[in-house]
Structure formats: C-alpha cells, structure tokens
file start30.cif (mmCIF, C-alpha atoms)
data_protein
loop_
_atom_site.label_atom_id
_atom_site.label_comp_id
_atom_site.auth_asym_id
_atom_site.auth_seq_id
_atom_site.Cartn_x
_atom_site.Cartn_y
_atom_site.Cartn_z
CA MET G 457 26.18 19.75 0.24
CA GLY G 458 27.17 19.29 3.86
CA ASP G 459 24.15 21.30 4.96
CA LYS G 460 21.93 18.99 6.99
CA LEU G 461 18.79 20.84 5.94
CA ASP G 462 19.49 20.22 2.24
CA ARG G 463 17.09 17.31 2.11
CA TRP G 464 14.28 19.72 2.93
CA ALA G 465 15.10 22.01 0.00
CA ASP G 466 11.89 22.34 -1.95
CA PRO G 467 12.50 20.79 -5.39
CA PRO G 468 9.69 22.71 -7.17
CA LEU G 469 11.25 26.02 -6.09
CA LEU G 470 14.71 24.86 -7.17
CA VAL G 471 13.36 23.98 -10.61
CA LEU G 472 11.44 27.24 -10.92
CA ALA G 473 14.54 29.19 -9.85
CA SER G 474 16.62 27.33 -12.41
CA LEU G 475 14.14 28.08 -15.19
CA ALA G 476 13.87 31.75 -14.17
CA GLY G 477 17.15 32.39 -16.01
CA GLU G 478 16.37 30.74 -19.32
CA PRO G 479 14.53 27.69 -20.70
CA LYS G 480 16.29 24.40 -19.96
CA HIS G 481 15.76 20.70 -20.54
CA GLY G 482 15.91 18.09 -17.77
CA TYR G 483 19.66 17.46 -17.85
CA ALA G 484 20.45 21.20 -17.90
CA ILE G 485 18.12 21.75 -14.92
CA THR G 486 19.86 19.06 -12.83
CA GLN G 487 23.28 20.50 -13.75
CA ASP G 488 22.24 24.06 -12.93
CA VAL G 489 20.60 23.13 -9.63
CA ALA G 490 23.63 21.05 -8.63
CA GLN G 491 26.16 23.76 -9.52
CA THR G 492 24.37 26.84 -8.25
CA MET G 493 22.35 25.47 -5.35
CA GLY G 494 24.34 22.40 -4.38
CA VAL G 495 21.37 20.03 -4.58
CA ARG G 496 21.34 16.90 -6.71
CA LEU G 497 17.87 16.22 -8.11
CA SER G 498 17.33 12.59 -9.06
CA ALA G 499 15.51 11.79 -12.31
CA GLY G 500 12.40 10.57 -10.46
CA THR G 501 12.18 13.71 -8.33
CA LEU G 502 12.90 16.03 -11.25
CA TYR G 503 10.18 14.62 -13.50
CA ALA G 504 7.63 14.35 -10.68
CA VAL G 505 8.25 18.08 -10.11
CA ILE G 506 8.16 18.93 -13.82
CA ALA G 507 4.82 17.09 -14.20
CA ARG G 508 3.37 18.90 -11.18
CA LEU G 509 4.59 22.34 -12.26
CA GLU G 510 3.31 21.78 -15.79
CA ALA G 511 -0.10 20.67 -14.49
CA ARG G 512 -0.35 23.88 -12.45
CA GLY G 513 0.68 26.03 -15.39
CA PHE G 514 3.89 27.26 -13.72
CA ILE G 515 6.11 25.96 -16.54
CA GLU G 516 5.42 25.06 -20.16
CA PRO G 517 7.16 22.74 -22.60
CA LEU G 518 8.86 24.04 -25.71
CA GLU G 519 9.52 22.22 -28.98
CA ALA G 520 11.58 19.07 -28.32
CA GLU G 521 15.18 19.04 -29.50
CA ASP G 522 15.96 15.44 -30.39
CA ARG G 523 14.55 13.62 -27.35
CA ARG G 524 15.26 16.49 -24.94
CA ARG G 525 12.40 18.90 -24.33
CA PRO G 526 13.18 22.32 -22.84
CA TYR G 527 10.81 23.99 -20.40
CA ARG G 528 10.28 27.66 -19.65
CA ILE G 529 8.73 29.41 -16.70
CA THR G 530 5.31 30.99 -17.32
CA ALA G 531 4.03 34.30 -15.96
CA ALA G 532 2.11 32.40 -13.28
CA GLY G 533 5.28 30.47 -12.41
CA ALA G 534 7.34 33.67 -12.18
CA LYS G 535 4.70 35.24 -9.93
CA GLU G 536 4.69 32.17 -7.65
CA LEU G 537 8.50 32.10 -7.55
CA ALA G 538 8.56 35.82 -6.63
CA ARG G 539 6.01 35.21 -3.88
CA GLN G 540 7.99 32.31 -2.45
CA SER G 541 11.28 34.24 -2.74
CA GLU G 542 9.75 37.12 -0.82
CA ARG G 543 8.59 34.73 1.88
CA MET G 544 12.03 33.12 2.11
CA SER G 545 13.66 36.56 2.26
CA ARG G 546 11.46 37.47 5.19
CA VAL G 547 12.37 34.19 6.92
CA ALA G 548 16.08 34.84 6.24
CA SER G 549 15.91 38.43 7.55
CA LEU G 550 14.06 37.35 10.65
CA ALA G 551 16.47 34.50 11.31
CA THR G 552 19.54 36.74 10.87
CA GLU G 553 18.03 39.45 13.06
CA ARG G 554 17.23 37.04 15.88
CA LEU G 555 20.55 35.24 15.67
CA GLN G 556 22.33 38.58 15.96
CA ALA G 557 20.20 39.61 18.91
CA SER G 558 20.50 36.38 20.87
CA LEU G 559 23.91 35.01 19.90
CA GLY G 560 25.72 38.02 18.52
CA TRP G 561 26.13 36.11 15.27
CA ALA G 562 27.30 38.44 12.50
CA GLY G 563 26.92 36.13 9.53
CA ALA G 564 29.42 34.04 7.62
CA MET Y 291 28.44 16.07 -9.22
CA SER Y 292 27.01 14.45 -12.39
CA ASN Y 293 26.99 10.77 -13.22
CA PRO Y 294 28.51 9.49 -16.44
CA GLY Y 295 25.13 8.21 -17.67
CA MET Y 296 23.66 4.79 -18.28
CA SER Y 297 25.20 3.48 -21.43
CA ASP Y 298 25.51 -0.23 -20.69
CA PRO Y 299 22.57 -2.40 -21.80
CA LYS Y 300 21.85 -3.74 -18.31
CA ALA Y 301 21.44 -0.26 -16.85
CA THR Y 302 19.32 0.83 -19.81
CA ARG Y 303 17.10 -2.18 -19.27
CA LEU Y 304 16.72 -1.25 -15.60
CA ALA Y 305 15.74 2.29 -16.58
CA ARG Y 306 13.19 0.93 -19.05
CA MET Y 307 11.76 -1.33 -16.35
CA ALA Y 308 11.44 1.60 -13.94
CA LEU Y 309 9.66 3.63 -16.61
CA ALA Y 310 7.33 0.71 -17.32
CA LEU Y 311 5.97 1.16 -13.78
CA TYR Y 312 4.39 4.49 -14.76
CA PRO Y 313 0.88 5.03 -16.17
CA PRO Y 314 0.79 4.90 -20.00
CA SER Y 315 -0.13 8.60 -20.32
CA TRP Y 316 2.84 9.58 -18.14
CA ARG Y 317 5.21 7.38 -20.15
CA ALA Y 318 3.90 8.77 -23.43
CA ARG Y 319 4.48 12.34 -22.25
CA TYR Y 320 7.78 12.10 -20.35
CA GLY Y 321 9.25 8.68 -21.21
CA ASP Y 322 11.61 9.82 -23.98
CA GLU Y 323 12.90 12.78 -22.00
CA VAL Y 324 13.56 10.71 -18.89
CA HIS Y 325 15.33 8.09 -20.96
CA ALA Y 326 17.51 10.77 -22.58
CA LEU Y 327 18.30 12.24 -19.13
CA LEU Y 328 19.27 8.84 -17.73
CA GLN Y 329 21.55 8.19 -20.67
CA GLU Y 330 23.25 11.55 -20.08
CA SER Y 331 23.63 11.55 -16.33
CA GLY Y 332 21.68 8.73 -14.72
CA GLY Y 333 22.78 6.19 -12.17
CA LEU Y 334 21.18 3.45 -10.13
CA ARG Y 335 19.99 6.09 -7.64
CA ASP Y 336 18.04 7.73 -10.45
CA VAL Y 337 16.48 4.42 -11.47
CA ALA Y 338 15.52 3.73 -7.85
CA SER Y 339 13.98 7.20 -7.47
CA LEU Y 340 12.10 6.74 -10.74
CA ALA Y 341 10.66 3.45 -9.53
CA TRP Y 342 9.74 4.97 -6.18
CA ARG Y 343 7.95 7.92 -7.79
CA ALA Y 344 5.80 5.68 -10.00
CA LEU Y 345 3.27 5.00 -7.23
CA PRO Y 346 2.29 8.68 -6.71
CA ALA Y 347 1.99 9.00 -10.49
CA TRP Y 348 -0.71 6.29 -10.40
CA ILE Y 349 -2.45 7.55 -7.26
CA GLY Y 350 -2.61 11.19 -8.30
CA PRO Y 351 -1.87 11.52 -12.01
CA PRO Y 352 -1.06 15.11 -13.06
CA ALA Y 353 -4.25 16.84 -14.22
CA HIS Y 354 -2.92 17.66 -17.69
CA LEU Y 355 -2.25 13.96 -18.32
CA TYR Y 356 -5.61 12.73 -17.06
CA ASP Y 357 -7.54 11.47 -20.08
CA ARG Y 358 -11.06 10.77 -18.80
CA PRO Y 359 -12.34 8.78 -21.81
CA ALA Y 360 -9.19 6.62 -21.69
CA ARG Y 361 -9.73 6.11 -17.95
CA MET Y 362 -13.36 5.08 -18.56
CA ARG Y 363 -12.38 2.67 -21.35
CA ALA Y 364 -9.61 1.09 -19.24
CA SER Y 365 -11.90 0.78 -16.21
CA LEU Y 366 -14.70 -0.72 -18.31
CA SER Y 367 -12.33 -3.28 -19.88
CA THR Y 368 -10.84 -4.39 -16.57
CA GLY Y 369 -14.15 -4.17 -14.72
CA LEU Y 370 -15.96 -6.23 -17.33
CA VAL Y 371 -13.47 -9.11 -17.05
CA ALA Y 372 -13.57 -9.07 -13.22
CA TRP Y 373 -17.36 -8.69 -13.22
CA SER Y 374 -17.77 -11.66 -15.60
CA PHE Y 375 -15.53 -13.74 -13.37
CA LEU Y 376 -17.72 -12.81 -10.39
CA ILE Y 377 -20.86 -13.69 -12.34
CA GLY Y 378 -19.28 -17.06 -13.13
CA LEU Y 379 -18.42 -17.61 -9.47
CA GLY Y 380 -21.97 -16.59 -8.55
CA LEU Y 381 -23.44 -19.11 -10.98
CA VAL Y 382 -21.18 -21.84 -9.56
CA PHE Y 383 -22.49 -20.89 -6.11
CA ALA Y 384 -26.09 -21.06 -7.34
CA GLN Y 385 -25.48 -24.38 -9.08
CA LEU Y 386 -23.94 -25.97 -5.99
CA THR Y 387 -26.51 -24.63 -3.54
CA GLN Y 388 -29.92 -23.42 -4.69
CA PHE Y 389 -30.13 -25.59 -7.82
CA GLN Y 390 -29.26 -28.64 -5.69
CA GLY Y 391 -32.05 -27.86 -3.29
CA LEU Y 392 -29.69 -26.85 -0.48
CA HIS Y 393 -32.19 -24.96 1.64
CA PRO Y 394 -31.31 -25.91 5.18
CA ALA Y 395 -34.39 -25.53 7.30
CA GLY Y 396 -34.09 -23.38 10.38
CA HIS Y 397 -31.43 -21.07 8.97
CA PRO Y 398 -33.20 -17.89 7.83
CA ILE Y 399 -29.88 -16.08 7.26
CA ILE Y 400 -28.90 -18.54 4.52
CA LYS Y 401 -32.37 -18.30 2.97
CA ALA Y 402 -32.23 -14.50 3.05
CA SER Y 403 -28.74 -14.61 1.50
CA TYR Y 404 -30.09 -16.64 -1.41
CA LEU Y 405 -32.83 -14.05 -1.99
CA VAL Y 406 -30.42 -11.11 -1.78
CA PHE Y 407 -28.02 -12.90 -4.12
CA ASP Y 408 -30.74 -13.57 -6.72
CA ALA Y 409 -32.03 -9.99 -6.67
CA ALA Y 410 -28.58 -8.37 -6.70
CA LEU Y 411 -27.33 -10.65 -9.50
CA ALA Y 412 -30.39 -9.85 -11.63
CA LEU Y 413 -29.98 -6.12 -11.00
CA SER Y 414 -26.28 -6.24 -11.83
CA ILE Y 415 -26.83 -8.08 -15.11
CA ALA Y 416 -29.67 -5.70 -16.06
CA ALA Y 417 -27.56 -2.60 -15.28
CA ALA Y 418 -24.58 -3.90 -17.23
CA GLY Y 419 -26.75 -4.99 -20.16
CA PHE Y 420 -28.88 -1.86 -20.51
CA GLY Y 421 -26.06 0.55 -19.66
CA GLY Y 422 -23.57 -1.04 -22.01
CA LEU Y 423 -25.96 -1.65 -24.90
CA PRO Y 424 -25.76 1.86 -26.49
CA LEU Y 425 -21.95 1.79 -26.44
CA TRP Y 426 -21.89 -1.72 -27.85
CA LEU Y 427 -24.32 -0.78 -30.64
CA LEU Y 428 -22.38 2.40 -31.40
CA MET Y 429 -19.09 0.51 -31.72
CA LEU Y 430 -20.69 -2.29 -33.71
CA ARG Y 431 -22.20 0.20 -36.14
CA ARG Y 432 -18.90 2.01 -36.60
CA ALA Y 433 -16.92 -1.21 -37.00
CA HIS Y 434 -19.45 -2.45 -39.55
CA ARG Y 435 -19.49 0.87 -41.46
CA GLU Y 436 -15.68 1.01 -41.60
CA HIS Y 437 -15.39 -2.70 -42.54
CA ARG Y 438 -13.33 -3.49 -39.42
CA ARG Y 439 -13.96 -7.22 -39.38
CA ARG Y 440 -11.77 -7.95 -36.41
CA ASP Y 441 -13.60 -5.39 -34.28
CA VAL Y 442 -16.96 -6.76 -35.38
CA ALA Y 443 -15.76 -10.21 -34.30
CA TYR Y 444 -14.57 -8.86 -30.93
CA LEU Y 445 -17.91 -7.15 -30.38
CA LEU Y 446 -19.90 -10.27 -31.24
CA LEU Y 447 -17.95 -12.40 -28.75
CA PRO Y 448 -20.39 -11.62 -25.88
CA LEU Y 449 -23.08 -13.31 -27.98
CA ILE Y 450 -21.06 -16.04 -29.66
CA ALA Y 451 -19.02 -17.30 -26.66
CA PRO Y 452 -21.97 -17.91 -24.28
CA ALA Y 453 -24.07 -19.38 -27.13
CA ALA Y 454 -21.25 -21.78 -28.06
CA PHE Y 455 -20.79 -22.70 -24.41
CA LEU Y 456 -24.51 -23.38 -23.89
CA ALA Y 457 -24.64 -25.49 -27.06
CA ALA Y 458 -21.58 -27.48 -25.94
CA LEU Y 459 -23.07 -27.84 -22.47
CA GLY Y 460 -26.31 -29.20 -23.89
CA VAL Y 461 -24.45 -31.78 -26.00
CA THR Y 462 -22.16 -32.74 -23.09
CA VAL Y 463 -25.02 -33.25 -20.65
CA ARG Y 464 -26.89 -35.34 -23.22
CA LEU Y 465 -23.82 -37.50 -23.90
CA VAL Y 466 -22.32 -38.00 -20.44
CA GLY Y 467 -25.06 -36.94 -18.04
CA GLY Y 468 -27.03 -39.42 -15.97
CA ALA Y 469 -30.16 -39.11 -13.87
CA ASP Y 470 -28.22 -37.05 -11.27
CA GLY Y 471 -26.51 -34.84 -13.84
CA VAL Y 472 -22.83 -35.07 -14.78
CA SER Y 473 -20.00 -36.54 -12.70
CA PRO Y 474 -17.77 -34.24 -10.58
CA GLY Y 475 -15.00 -34.53 -13.20
CA TRP Y 476 -17.30 -33.43 -15.99
CA PHE Y 477 -18.70 -30.71 -13.76
CA LEU Y 478 -15.17 -29.32 -13.39
CA VAL Y 479 -14.62 -29.47 -17.16
CA VAL Y 480 -17.93 -27.72 -17.83
CA THR Y 481 -17.18 -25.07 -15.17
CA LEU Y 482 -13.74 -24.32 -16.60
CA ALA Y 483 -15.23 -24.10 -20.09
CA GLY Y 484 -17.85 -21.70 -18.71
CA PHE Y 485 -15.14 -19.46 -17.26
CA ALA Y 486 -13.25 -19.55 -20.55
CA ALA Y 487 -16.42 -18.52 -22.42
CA ALA Y 488 -17.05 -15.72 -19.90
CA ALA Y 489 -13.46 -14.50 -20.28
CA LEU Y 490 -13.81 -14.42 -24.07
CA ALA Y 491 -17.18 -12.68 -23.88
CA ALA Y 492 -15.75 -10.04 -21.53
CA ALA Y 493 -12.45 -9.53 -23.36
CA GLY Y 494 -14.09 -8.93 -26.76
CA PRO Y 495 -15.67 -5.51 -26.05
CA GLY Y 496 -12.56 -4.48 -24.12
CA LEU Y 497 -10.33 -5.19 -27.13
CA ALA Y 498 -12.75 -3.39 -29.44
CA MET Y 499 -12.81 -0.37 -27.13
CA ARG Y 500 -9.03 -0.26 -27.14
CA ARG Y 501 -8.98 -0.17 -30.95
CA LEU Y 502 -12.03 2.00 -31.64
CA GLN Y 503 -11.46 4.42 -28.71
CA PRO Y 504 -15.10 5.54 -28.30
CA ARG Y 505 -15.90 8.76 -26.41
CA GLY Y 506 -18.99 10.74 -25.48
CA LEU Y 507 -22.34 10.06 -23.90
CA ALA Y 508 -22.53 6.31 -24.64
CA LEU Y 509 -19.15 5.78 -22.97
CA ARG Y 510 -20.16 7.83 -19.92
CA LEU Y 511 -23.44 5.93 -19.66
CA ALA Y 512 -21.62 2.59 -19.83
CA ALA Y 513 -19.10 3.67 -17.19
CA THR Y 514 -21.87 4.91 -14.88
CA ALA Y 515 -23.92 1.75 -15.42
CA GLY Y 516 -20.72 -0.18 -14.70
CA GLY Y 517 -20.69 1.48 -11.29
CA VAL Y 518 -24.28 0.41 -10.61
CA ALA Y 519 -23.60 -3.13 -11.88
CA ALA Y 520 -20.49 -3.35 -9.71
CA ALA Y 521 -22.35 -2.10 -6.62
CA ALA Y 522 -25.06 -4.72 -7.18
CA ILE Y 523 -22.58 -7.54 -7.75
CA LEU Y 524 -20.77 -6.52 -4.56
CA VAL Y 525 -24.05 -6.96 -2.68
CA ALA Y 526 -24.43 -10.39 -4.35
CA THR Y 527 -20.84 -11.16 -3.33
CA ALA Y 528 -21.59 -10.27 0.28
CA ALA Y 529 -24.62 -12.58 0.11
CA ILE Y 530 -22.43 -15.40 -1.25
CA ILE Y 531 -19.93 -14.91 1.57
CA VAL Y 532 -22.69 -15.00 4.19
CA ALA Y 533 -24.37 -18.04 2.63
CA VAL Y 534 -21.16 -20.07 2.17
CA THR Y 535 -19.98 -19.21 5.68
CA GLY Y 536 -23.43 -20.11 7.02
CA LEU Y 537 -23.43 -23.43 5.18
CA CYS Y 538 -19.96 -24.24 6.53
CA LEU Y 539 -20.97 -23.36 10.09
CA TRP Y 540 -24.51 -24.64 10.33
CA ALA Y 541 -25.06 -27.15 7.56
CA ARG Y 542 -21.84 -29.11 7.30
CA GLY Y 543 -23.63 -32.20 6.09
CA PHE Y 544 -24.36 -30.71 2.67
CA ALA Y 545 -22.21 -31.75 -0.26
CA GLY Y 546 -18.82 -30.09 -0.32
CA TYR Y 547 -19.15 -27.96 2.77
CA HIS Y 548 -17.52 -30.43 5.10
CA HIS Y 549 -14.21 -29.67 3.32
CA ALA Y 550 -13.34 -26.19 4.57
CA ALA Y 551 -10.50 -25.81 2.03
CA ILE Y 552 -12.78 -25.72 -1.02
CA PRO Y 553 -15.07 -22.94 0.26
CA GLY Y 554 -11.92 -21.15 1.49
CA VAL Y 555 -10.35 -21.10 -1.99
CA TYR Y 556 -13.72 -20.17 -3.51
CA LEU Y 557 -14.22 -17.25 -1.12
CA ALA Y 558 -10.64 -16.02 -1.71
CA LEU Y 559 -11.35 -15.92 -5.47
CA VAL Y 560 -14.64 -14.12 -4.83
CA VAL Y 561 -12.95 -11.47 -2.66
CA VAL Y 562 -10.13 -10.83 -5.18
CA ALA Y 563 -12.56 -10.53 -8.12
CA ALA Y 564 -14.84 -8.27 -6.03
CA ALA Y 565 -11.93 -6.00 -5.12
CA VAL Y 566 -10.82 -5.63 -8.76
CA THR Y 567 -14.41 -4.98 -9.86
CA ALA Y 568 -14.96 -2.37 -7.13
CA VAL Y 569 -11.72 -0.46 -7.82
CA SER Y 570 -12.23 -0.45 -11.61
CA ALA Y 571 -15.86 0.58 -11.35
CA ALA Y 572 -15.09 3.35 -8.86
CA ARG Y 573 -12.38 4.81 -11.09
CA GLY Y 574 -14.55 4.56 -14.21
CA THR Y 575 -17.60 6.07 -12.53
CA ARG Y 576 -15.55 8.92 -11.08
CA ALA Y 577 -14.17 9.72 -14.53
CA ALA Y 578 -17.67 9.52 -16.05
CA LEU Y 579 -19.16 11.87 -13.46
CA ALA Y 580 -16.27 14.34 -13.81
CA ASP Y 581 -16.61 14.23 -17.59
CA SER Y 582 -20.39 14.82 -17.34
CA ALA Y 583 -19.84 17.80 -15.02
CA ARG Y 584 -17.25 19.21 -17.42
CA ASN Y 585 -19.62 18.85 -20.36
CA VAL Y 586 -22.33 20.65 -18.44
CA LEU Y 587 -20.00 23.51 -17.54
CA VAL Y 588 -18.26 23.90 -20.92
#
call {"tool": "encode", "arguments": {"input": "start30.cif", "output": "structure tokens"}}
result
Amino acid sequence: MGDKLDRWADPPLLVLASLAGEPKHGYAITQDVAQTMGVRLSAGTLYAVIARLEARGFIEPLEAEDRRRPYRITAAGAKELARQSERMSRVASLATERLQASLGWAGA
Amino acid sequence: MSNPGMSDPKATRLARMALALYPPSWRARYGDEVHALLQESGGLRDVASLAWRALPAWIGPPAHLYDRPARMRASLSTGLVAWSFLIGLGLVFAQLTQFQGLHPAGHPIIKASYLVFDAALALSIAAAGFGGLPLWLLMLRRAHREHRRRDVAYLLLPLIAPAAFLAALGVTVRLVGGADGVSPGWFLVVTLAGFAAAALAAAGPGLAMRRLQPRGLALRLAATAGGVAAAAILVATAAIIVAVTGLCLWARGFAGYHHAAIPGVYLALVVVAAAVTAVSAARGTRAALADSARNVLV
C-alpha cells in the first residue's frame, strides 16, 4: 500500500482480474482486491466500474443471493484482460530490462 | 483492511442519501447491492465516494441502464412544466407591453422583438399542440378503455385548468375591473392564478405519462415536437430579453420599466425557465432520435 503509484492502478483491470478466478459479489471483490493486490476499492469506485464493465459486456450478473449479486467474467472480458495483461507484461519486461542496463538493478 | 460496516442508523441514512443522488435506473439496478456492501464493509469514505460518483452516472449513464422511453417521458414531463412557465412569462410580457400599446416610436429593435416574439410563441404552441396531440389521445383512449379515472382526470387538466382560469378571469374582470382594467393588486392575483392553472395543465399529462408509461411512435413524435417547441420558445425568450432590455434602456418612461429590479427578477425567471426547457428538450429529442434510428435498424 506504500507504493506511490497505487492510486493509478486501473480499477476495471483489478475487478476483471479478481473475477478471473471465480464469480464474486461486491464485498468479495473488494476483499480479494485488497488482499491480493493491496488496493482498497471504495463502494463508489467499485460500482462505477461494475456498471461500466457490465455495459461493455465484460462481466455479467448472476442470480442474486439475498441482496448480494455475484458477477462473472465473460469471454469478451477474459479476452480483454488477457490483452491488457500481455501489454502490462511487455511494459514490465521492458522496464526491468532497462533498469538492469542503466542502473544494474537486479530486482527485489 | 476492511471496515466494520455501517450498522448505526445515522450512517445508514447517509448511505441512503448518497444513493438518492443517483439516477432512478441506476438505483433500481445497483441500489440493493451497494446498500448490502456498505452494511458489510462501508465507511464514510465509501459514502463520500458514492456521492462523488453520482455525477458521472447522470452525465453518462451506462448504456445497459439507458431506457430511452423513460428518458423521453421524464424529459417531456419536466419540459412541459418549464415550457408552460415560459409561456406564462411570455403572456405577462405581452400583457404589460404590446397589449398596453407600448410601441415606443423610433426603436425598431423593440418593434422587431415584438414580431419575433409573436411568431416564435405561435410556432412553439403549434408544435407542442400538434406534436403532443397523438400521444395525448392515445393515453386518453387507453385510460378511458381501462377505466382509469384518475388518469383521465390528469389528461383532461390541460383543458379544464385553462378553461376554469379564463372563466374566473372573466368574472373577476367584470366584478372588479374598471375602464382601465383591474388594479395592480388584482393583476397580481390574476397572474398568480394563471401560473397555477398553467402548472396544473402541464403537470396533468406528466403524471399520466408516469402512470401509463406510453412508448412507441406517438411518444417519439411528442419528444421530437417538444424539441421544436422548445427551440421556438427559446427564440421567443431571446426576443423578450431584447425587448425588456430595450425598454429599460430606451423607453424608461413606460410603466414599470423605470424600476430596474422588477425587469431584473422577471428576466432571471425567464432565463432559468429557458435553461430547464432547453436541457429537458435536448435530452428528450436525443432519446427520440436515437430510438427512431434503432427502430429503423432493428
């Protein structure tokens, strides 16, 4: 959480990554994202993202359990997540490579 | 990492207030879930973020929540009330200027403003009347067929309220009017009664639309005609602003225009009503055009 770039973490990707494992409802998504990625999604941000992802067909709602409705990632959502992951991997590889070349940084 | 949740009544009330800021379709779709989430792990930060995110939800509602017929109905209801208010303000303007013979010689801009106002007002009323008539008839027929007396009453208000007002006006003028018309006090009473009648006449179809939830071609036609009527009334509004400003600047001797505060308040009301009319009509027309395009494509 001390990472100063955390505030730029892309919430839609965090939510898609969380749902890539299994369907989850809002509370479970915030818990998963907080525990595995160290980012706390507020309720306003989470549901703005859920609404946007649902509108684009990247996630879909399942039958509500009590008042909590789980969501699952769709094929289009999985494809988009894979595309973005690939892009981030390339950025990470490039950054590591250049840091090693210029600063001799060998990673944490 | 997680908050204990919002169990106390004050926090729950805050959460409900934040949710109330969202569009109805958004609340209907996500309201319960958000409320459940806040009760499980919410804090004041969550309520603040909810409130903050309400504005984008209004500006760009998610496509899957965008109900075009509902948008058209809401825009028509709001637009009709604001438009009626503008018509009332326009008639007050006409009563206090043209009907009093206020035609200051040597000021062609004021004279031209009167002409533009008359033409634009007539066009606006014609567009609203002809464009809204099929929808009104459709709703009236359905309300009558289904024995929905309250809806029939709502739909007849645009006829009953102005007729009652005109009848009361005729009696009032006969009882208290002199050779120069009624006194300023009675004029104020009559004007306020006129606005009340206009509000009733405008609110009736809006309430009926809310209950009957019409869709289809008649609704699209009414929303599109609403756009034309709004555009025309905005031209009439511009003419009013020019004429009143001209009278204040160049013809200060005429009744009322030597008190700058009264025209100032009047123009502020005109601008607010025009803004509401323009925004409502634009949103309704956009929804109508998008719905027409969708019907052509599907």
call {"tool": "closest_residue", "arguments": {"input": "start30.cif", "among": "G:Ala520, G:Ala534, G:Leu509, G:Ala499", "to": "chain Y", "atoms": "only C-alpha atoms"}}
result
G:Ala499
call {"tool": "residues_near_point", "arguments": {"input": "start30.cif", "point": "(9.8, 10.3, -8.3)", "cutoff": "6 Å", "atoms": "all atoms listed in the file", "output": "PyMOL selection string"}}
result
(chain G and resi 500-501+504) or (chain Y and resi 339-340+342-343)
call {"tool": "atom_distance", "arguments": {"input": "start30.cif", "atom1": "atom CA of Ala308 of chain Y", "atom2": "atom CA of Val337 of chain Y"}}
result
6.3 Å
call {"tool": "resolve_selection", "arguments": {"input": "start30.cif", "expression": "the PyMOL selection byres ((chain G) within 12 of (chain Y))", "output": "PyMOL selection string"}}
result
chain G and resi 457+481-513+516-517+520-527
call {"tool": "resolve_selection", "arguments": {"input": "start30.cif", "expression": "the PyMOL selection byres ((chain Y and resi 379) around 10)", "output": "list in words"}}
result
Trp373, Ser374, Phe375, Leu376, Ile377, Gly378, Gly380, Leu381, Val382, Phe383, Ala384, Gln385, Thr481, Phe485, Thr527, Ile530, Tyr556, Leu557, Leu559, Val560 and Ala563 of chain Y
call {"tool": "closest_residue", "arguments": {"input": "start30.cif", "among": "G:Pro467, G:Glu519, G:Ala548, G:Gln540", "to": "Pro479 of chain G", "atoms": "all atoms listed in the file"}}
result
G:Glu519
call {"tool": "residues_around", "arguments": {"input": "start30.cif", "residues": "Arg500 of chain Y", "least_positions_apart": "3", "cutoff": "9 Å", "atoms": "all atoms listed in the file", "output": "VMD selection string"}}
result
chain Y and resid 360 363 to 364 367 495 to 497 503 to 504
call {"tool": "closest_residue", "arguments": {"input": "start30.cif", "among": "Y:Val561, Y:Ala451, Y:Ala541, Y:Ala528", "to": "Asp408 of chain Y", "atoms": "only C-alpha atoms"}}
result
Y:Ala528
call {"tool": "atom_distance", "arguments": {"input": "start30.cif", "atom1": "atom CA of Leu470 of chain G", "atom2": "atom CA of Arg306 of chain Y"}}
result
26.8 Å
call {"tool": "closest_residue", "arguments": {"input": "start30.cif", "among": "G:Pro468, G:Ile515, G:Glu478, G:Ser558", "to": "Gly533 of chain G", "atoms": "all atoms listed in the file"}}
result
G:Ile515
call {"tool": "atom_distance", "arguments": {"input": "start30.cif", "atom1": "atom CA of His434 of chain Y", "atom2": "atom CA of Val371 of chain Y"}}
result
24.2 Å
call {"tool": "residues_around", "arguments": {"input": "start30.cif", "residues": "segment 445-450 of chain Y", "least_positions_apart": "6", "cutoff": "10 Å", "atoms": "all atoms listed in the file", "output": "PyMOL selection string"}}
result
chain Y and resi 426-427+429-430+433+439+456+487-499
call {"tool": "resolve_selection", "arguments": {"input": "start30.cif", "expression": "the PyMOL selection byres ((chain Y and resi 416) around 12)", "output": "list in words"}}
result
Ala409, Ala410, Leu411, Ala412, Leu413, Ser414, Ile415, Ala417, Ala418, Gly419, Phe420, Gly421, Gly422, Leu423, Ala515, Gly516, Val518, Ala519, Ala520, Ala522 and Ile523 of chain Y
